[in-house]
Each structure stands twice: as structure tokens, then as C-alpha cells.
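Structure file protein.txt with compact mmCIF, C-alpha atoms:
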```txt
# COMPACT_ATOMS: atom_id res chain seq x y z
CA ILE A 1 140.48 34.25 157.23
CA MET A 2 141.00 30.52 157.31
CA VAL A 3 137.54 29.02 157.61
CA GLN A 4 136.47 25.61 156.34
CA HIS A 5 132.94 24.85 155.16
CA TYR A 6 132.55 22.07 157.74
CA ASN A 7 133.42 24.28 160.74
CA GLU A 8 129.94 25.62 161.52
CA LYS A 9 130.83 27.28 164.83
CA GLN A 10 133.68 29.23 163.29
CA ILE A 11 131.51 30.36 160.38
CA ARG A 12 128.83 31.62 162.76
CA ASP A 13 131.45 33.35 164.92
CA TYR A 14 132.81 35.16 161.87
CA PHE A 15 129.28 36.04 160.79
CA ALA A 16 128.67 37.62 164.22
CA LEU A 17 131.96 39.50 163.89
CA ALA A 18 130.95 40.80 160.44
CA ASN A 19 127.64 41.99 161.91
CA MET A 20 129.51 43.88 164.63
CA TYR A 21 131.84 45.44 162.08
CA LEU A 22 128.83 46.61 160.09
CA HIS A 23 127.06 47.91 163.16
CA TYR A 24 130.08 49.91 164.31
CA GLY A 25 130.80 51.46 160.91
CA LEU A 26 133.59 49.21 159.61
CA PRO A 27 132.02 47.93 156.38
CA ALA A 28 135.34 47.10 154.67
CA LYS A 29 136.21 44.59 157.37
CA ALA A 30 132.68 43.17 157.26
CA GLU A 31 132.89 42.86 153.47
CA TYR A 32 136.10 40.83 153.67
CA ILE A 33 134.57 38.34 156.09
CA LEU A 34 131.17 38.18 154.38
CA ARG A 35 132.67 37.51 150.94
CA ARG A 36 134.48 34.47 152.33
CA ILE A 37 131.42 33.21 154.22
CA VAL A 38 129.10 33.66 151.22
CA LYS A 39 131.58 31.74 149.06
CA LEU A 40 131.74 28.89 151.59
CA ARG A 41 127.96 28.75 151.98
CA SER A 42 127.32 28.91 148.25
CA GLU A 43 129.72 26.04 147.58
CA SER A 44 128.42 23.93 150.49
CA ASN A 45 126.29 20.85 149.77
CA ASP A 46 124.33 21.47 152.99
CA PHE A 47 123.50 25.10 152.25
CA GLY A 48 124.06 26.24 148.67
CA PRO A 49 123.37 29.61 147.04
CA CYS A 50 119.57 29.48 147.57
CA HIS A 51 119.58 28.73 151.29
CA ALA A 52 118.02 31.39 153.53
CA GLU A 53 121.20 31.71 155.60
CA THR A 54 123.31 32.26 152.47
CA LEU A 55 120.82 34.88 151.28
CA LEU A 56 120.98 36.63 154.66
CA GLN A 57 124.76 36.77 154.42
CA MET A 58 124.56 38.03 150.84
CA GLU A 59 122.14 40.75 151.92
CA LEU A 60 124.58 41.88 154.61
CA LEU A 61 127.41 41.80 152.08
CA ARG A 62 125.31 44.03 149.84
CA LYS A 63 124.72 46.39 152.77
CA SER A 64 128.46 46.56 153.51
CA LEU A 65 129.17 47.36 149.86
CA ARG A 66 126.57 50.13 149.80
CA CYS A 67 128.07 51.62 152.97
CA GLN A 68 131.38 51.88 151.09
CA HIS A 69 129.68 53.43 148.04
CA LYS A 70 130.49 50.35 145.94
CA TYR A 71 127.15 50.52 144.20
CA LYS A 72 128.11 48.47 141.14
CA SER A 73 129.21 45.53 143.29
CA ALA A 74 126.14 45.94 145.51
CA SER A 75 123.92 45.83 142.42
CA SER A 76 125.65 42.66 141.26
CA ILE A 77 125.00 41.04 144.64
CA LYS A 78 121.37 42.17 144.48
CA ASN A 79 121.00 40.44 141.12
CA GLN A 80 122.50 37.25 142.56
CA ILE A 81 120.07 37.42 145.47
CA THR A 82 117.12 37.90 143.11
CA LYS A 83 118.18 34.90 141.01
CA ALA A 84 118.69 32.76 144.12
CA LYS A 85 115.24 33.69 145.44
CA ILE A 86 113.66 32.66 142.14
CA MET A 87 115.45 29.31 142.28
CA GLN A 88 114.65 28.84 145.97
CA PRO A 89 112.17 26.10 146.84
CA ARG A 90 108.95 27.30 148.47
CA GLY A 91 107.65 26.20 151.84
CA ARG A 92 109.67 26.36 155.03
CA ASP A 93 112.52 28.30 153.37
CA ALA A 94 110.11 31.08 152.45
CA GLU A 95 109.42 31.62 156.14
CA GLN A 96 113.16 31.68 156.85
CA LEU A 97 113.65 34.20 154.09
CA SER A 98 111.18 36.62 155.60
CA LEU A 99 113.00 36.20 158.93
CA SER A 100 116.31 36.93 157.20
CA GLU A 101 114.85 40.07 155.64
CA LEU A 102 113.64 41.15 159.08
CA CYS A 103 117.13 40.60 160.50
CA THR A 104 118.89 42.57 157.77
CA THR A 105 116.66 45.59 158.29
CA ASP A 106 117.05 45.27 162.10
CA SER A 107 113.57 46.66 162.62
CA CYS A 108 113.44 45.36 166.18
CA GLY A 109 116.85 46.63 167.35
CA ALA A 110 118.13 43.13 168.00
CA ILE A 111 121.53 43.77 166.44
CA ASP A 112 122.21 46.60 168.89
CA TYR A 113 121.31 44.37 171.82
CA VAL A 114 123.35 41.40 170.56
CA CYS A 115 126.38 43.56 169.83
CA ASP A 116 126.21 45.11 173.28
CA MET A 117 125.91 41.70 174.92
CA ILE A 118 128.81 40.26 172.91
CA LEU A 119 131.11 43.24 173.38
CA ASP A 120 130.20 44.02 176.99
CA PRO A 121 128.13 41.33 178.72
CA SER A 122 128.41 42.99 182.14
CA LYS A 123 127.48 46.49 180.97
CA LYS A 124 124.39 46.81 183.19
CA GLU A 125 126.31 45.64 186.26
CA ARG A 126 129.09 48.15 185.60
CA GLN A 127 126.56 50.96 185.09
CA GLU A 128 124.96 50.10 188.45
CA GLU A 129 128.39 50.02 190.15
CA LYS A 130 129.24 53.39 188.62
CA ARG A 131 125.93 54.85 189.80
CA LYS A 132 126.64 53.62 193.35
CA ALA A 133 130.20 54.95 193.24
CA ASP A 134 128.91 58.35 192.04
CA THR A 135 126.40 58.42 194.90
CA VAL A 136 129.12 57.59 197.42
CA GLU A 137 131.37 60.30 195.94
CA GLU A 138 128.57 62.87 196.16
CA SER A 139 127.96 61.91 199.80
CA ARG A 140 131.67 62.15 200.56
CA ALA A 141 131.91 65.59 198.95
CA LEU A 142 128.89 66.78 200.95
CA TRP A 143 130.38 65.38 204.18
CA LEU A 144 133.73 67.14 203.50
CA LYS A 145 131.92 70.41 202.86
CA GLU A 146 129.96 70.11 206.11
CA ARG A 147 133.09 69.15 208.04
CA ARG A 148 135.00 72.17 206.73
CA SER A 149 132.14 74.54 207.64
CA PHE A 150 131.77 72.99 211.10
CA PHE A 151 135.51 73.04 212.02
CA SER A 152 136.38 76.37 210.36
```
Translate this structure into C-alpha cells?
Amino acid sequence: IMVQHYNEKQIRDYFALANMYLHYGLPAKAEYILRRIVKLRSESNDFGPCHAETLLQMELLRKSLRCQHKYKSASSIKNQITKAKIMQPRGRDAEQLSLSELCTTDSCGAIDYVCDMILDPSKKERQEEKRKADTVEESRALWLKERRSFFS
């Protein structure tokens, strides 16, 4: 991927894509994207290796590695995360870190919802249309059955 550290929108778009890859069982693709994003964030003057967002991305990278049974690499990432947390300034970033940990465990099911909304924003509308079409089809089938019995 060709992403520059100053292109914030593109980085966040790729991060969302990596989350979707992870969610739908494609950890190798997520790993490729997350490695690049973590490198960009770590080298950035605005973020750096101790920033909560960088740590969140590293945690997801670790998760993608574990899903692929790359435990040695995942352990290395865990060590980097631990060192970064020790070096991290306390205060507001500590609150962000706990939010990032909440996001990586997806204890509230938000990732499922976000992925569904990104992949299929009109899912509910289509389900309602399908339900109506099924009802119409059932009515039509019943009408045809009655018509055949009446005119037979």
C-alpha cells in the first residue's frame, strides 16, 4: 500500500479495512496493512510509538499474527506494546489506552455493527423489502391455489 504519514484520511480508511479483514477471517491481509500503518504511526512526529492510536493498531497487529499462529512475532509485538506503555505519559492518554483496549476486545460488539454498516449500509432496508416480497409471494401462491380449486 502507498500511504503517506500526512494522509490521515487514507490511514484511517486502511485501518478500517484491516479491521474488516480481521473480522471476516483474513488476518494475513490485515497484517500487511497493519504493519505499514504501525510503521507510519511509530515514525510520525504527531503520534509516535507510545500514542494510544499506535498502540491500538499494534494490538490489532498482534491479534492478526495470533490468528495466523505466528506466536513468536505476536510475542515480539506484545513486548513492544509493553515497552511503549511504560514510556507512555500518564493523564489523558491513559484514558485513551483503556478505550483502545476496549476496542480491541470488542466487548460491546461495535466492530460487527461498523463492519455491517460499511459493507452494507442499506441492509435493514433490503431485509424489509425482502420480507414484503416474501409476503406478496405467499399471498400470490395462496391466491393461485384458491383460483385453481375454484375453477377446477
At what distance in Å, to one decimal, does CA of Ala84 (chain A) lie from CA of Arg41 (chain A)?
->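 Atom-to-atom, CA of Arg41 (chain A) to CA of Ala84 (chain A), that is 12.8 Å.
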Top pick for closest residue to Leu60 (chain A), considering A:Met87, A:Phe150, A:Lys124, A:Lys78 and counting all atoms listed in the file =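 Checking each of A:Met87, A:Phe150, A:Lys124, A:Lys78 against Leu60 (chain A), counting all atoms listed in the file, the winner is A:Lys78.
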Which residues come within 10 Å of Leu22 (chain A), counting only C-alpha atoms, excluding same-chain residues fewer than 6 positions away, as a list in words?
-> Ala16, Ala28, Lys29, Ala30, Glu31, Leu60, Leu61, Lys63, Ser64 and Cys67 of chain A
Which is closer to Asp46 (chain A) than all the others in A:Glu128, A:Asp13, A:Glu8, A:Glu59, using all atoms listed in the file?
->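 Closest to Asp46 (chain A) of all the choices is A:Glu8.
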Separation of CA of Glu125 (chain A) and CA of Leu17 (chain A), in Å?
->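 Pair CA of Glu125 (chain A) / CA of Leu17 (chain A) returns 23.9 Å.
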What is the CA of Ile77 (chain A) to CA of Glu53 (chain A) distance in Å?
->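 Going from CA of Ile77 (chain A) over to CA of Glu53 (chain A), I get 14.9 Å.
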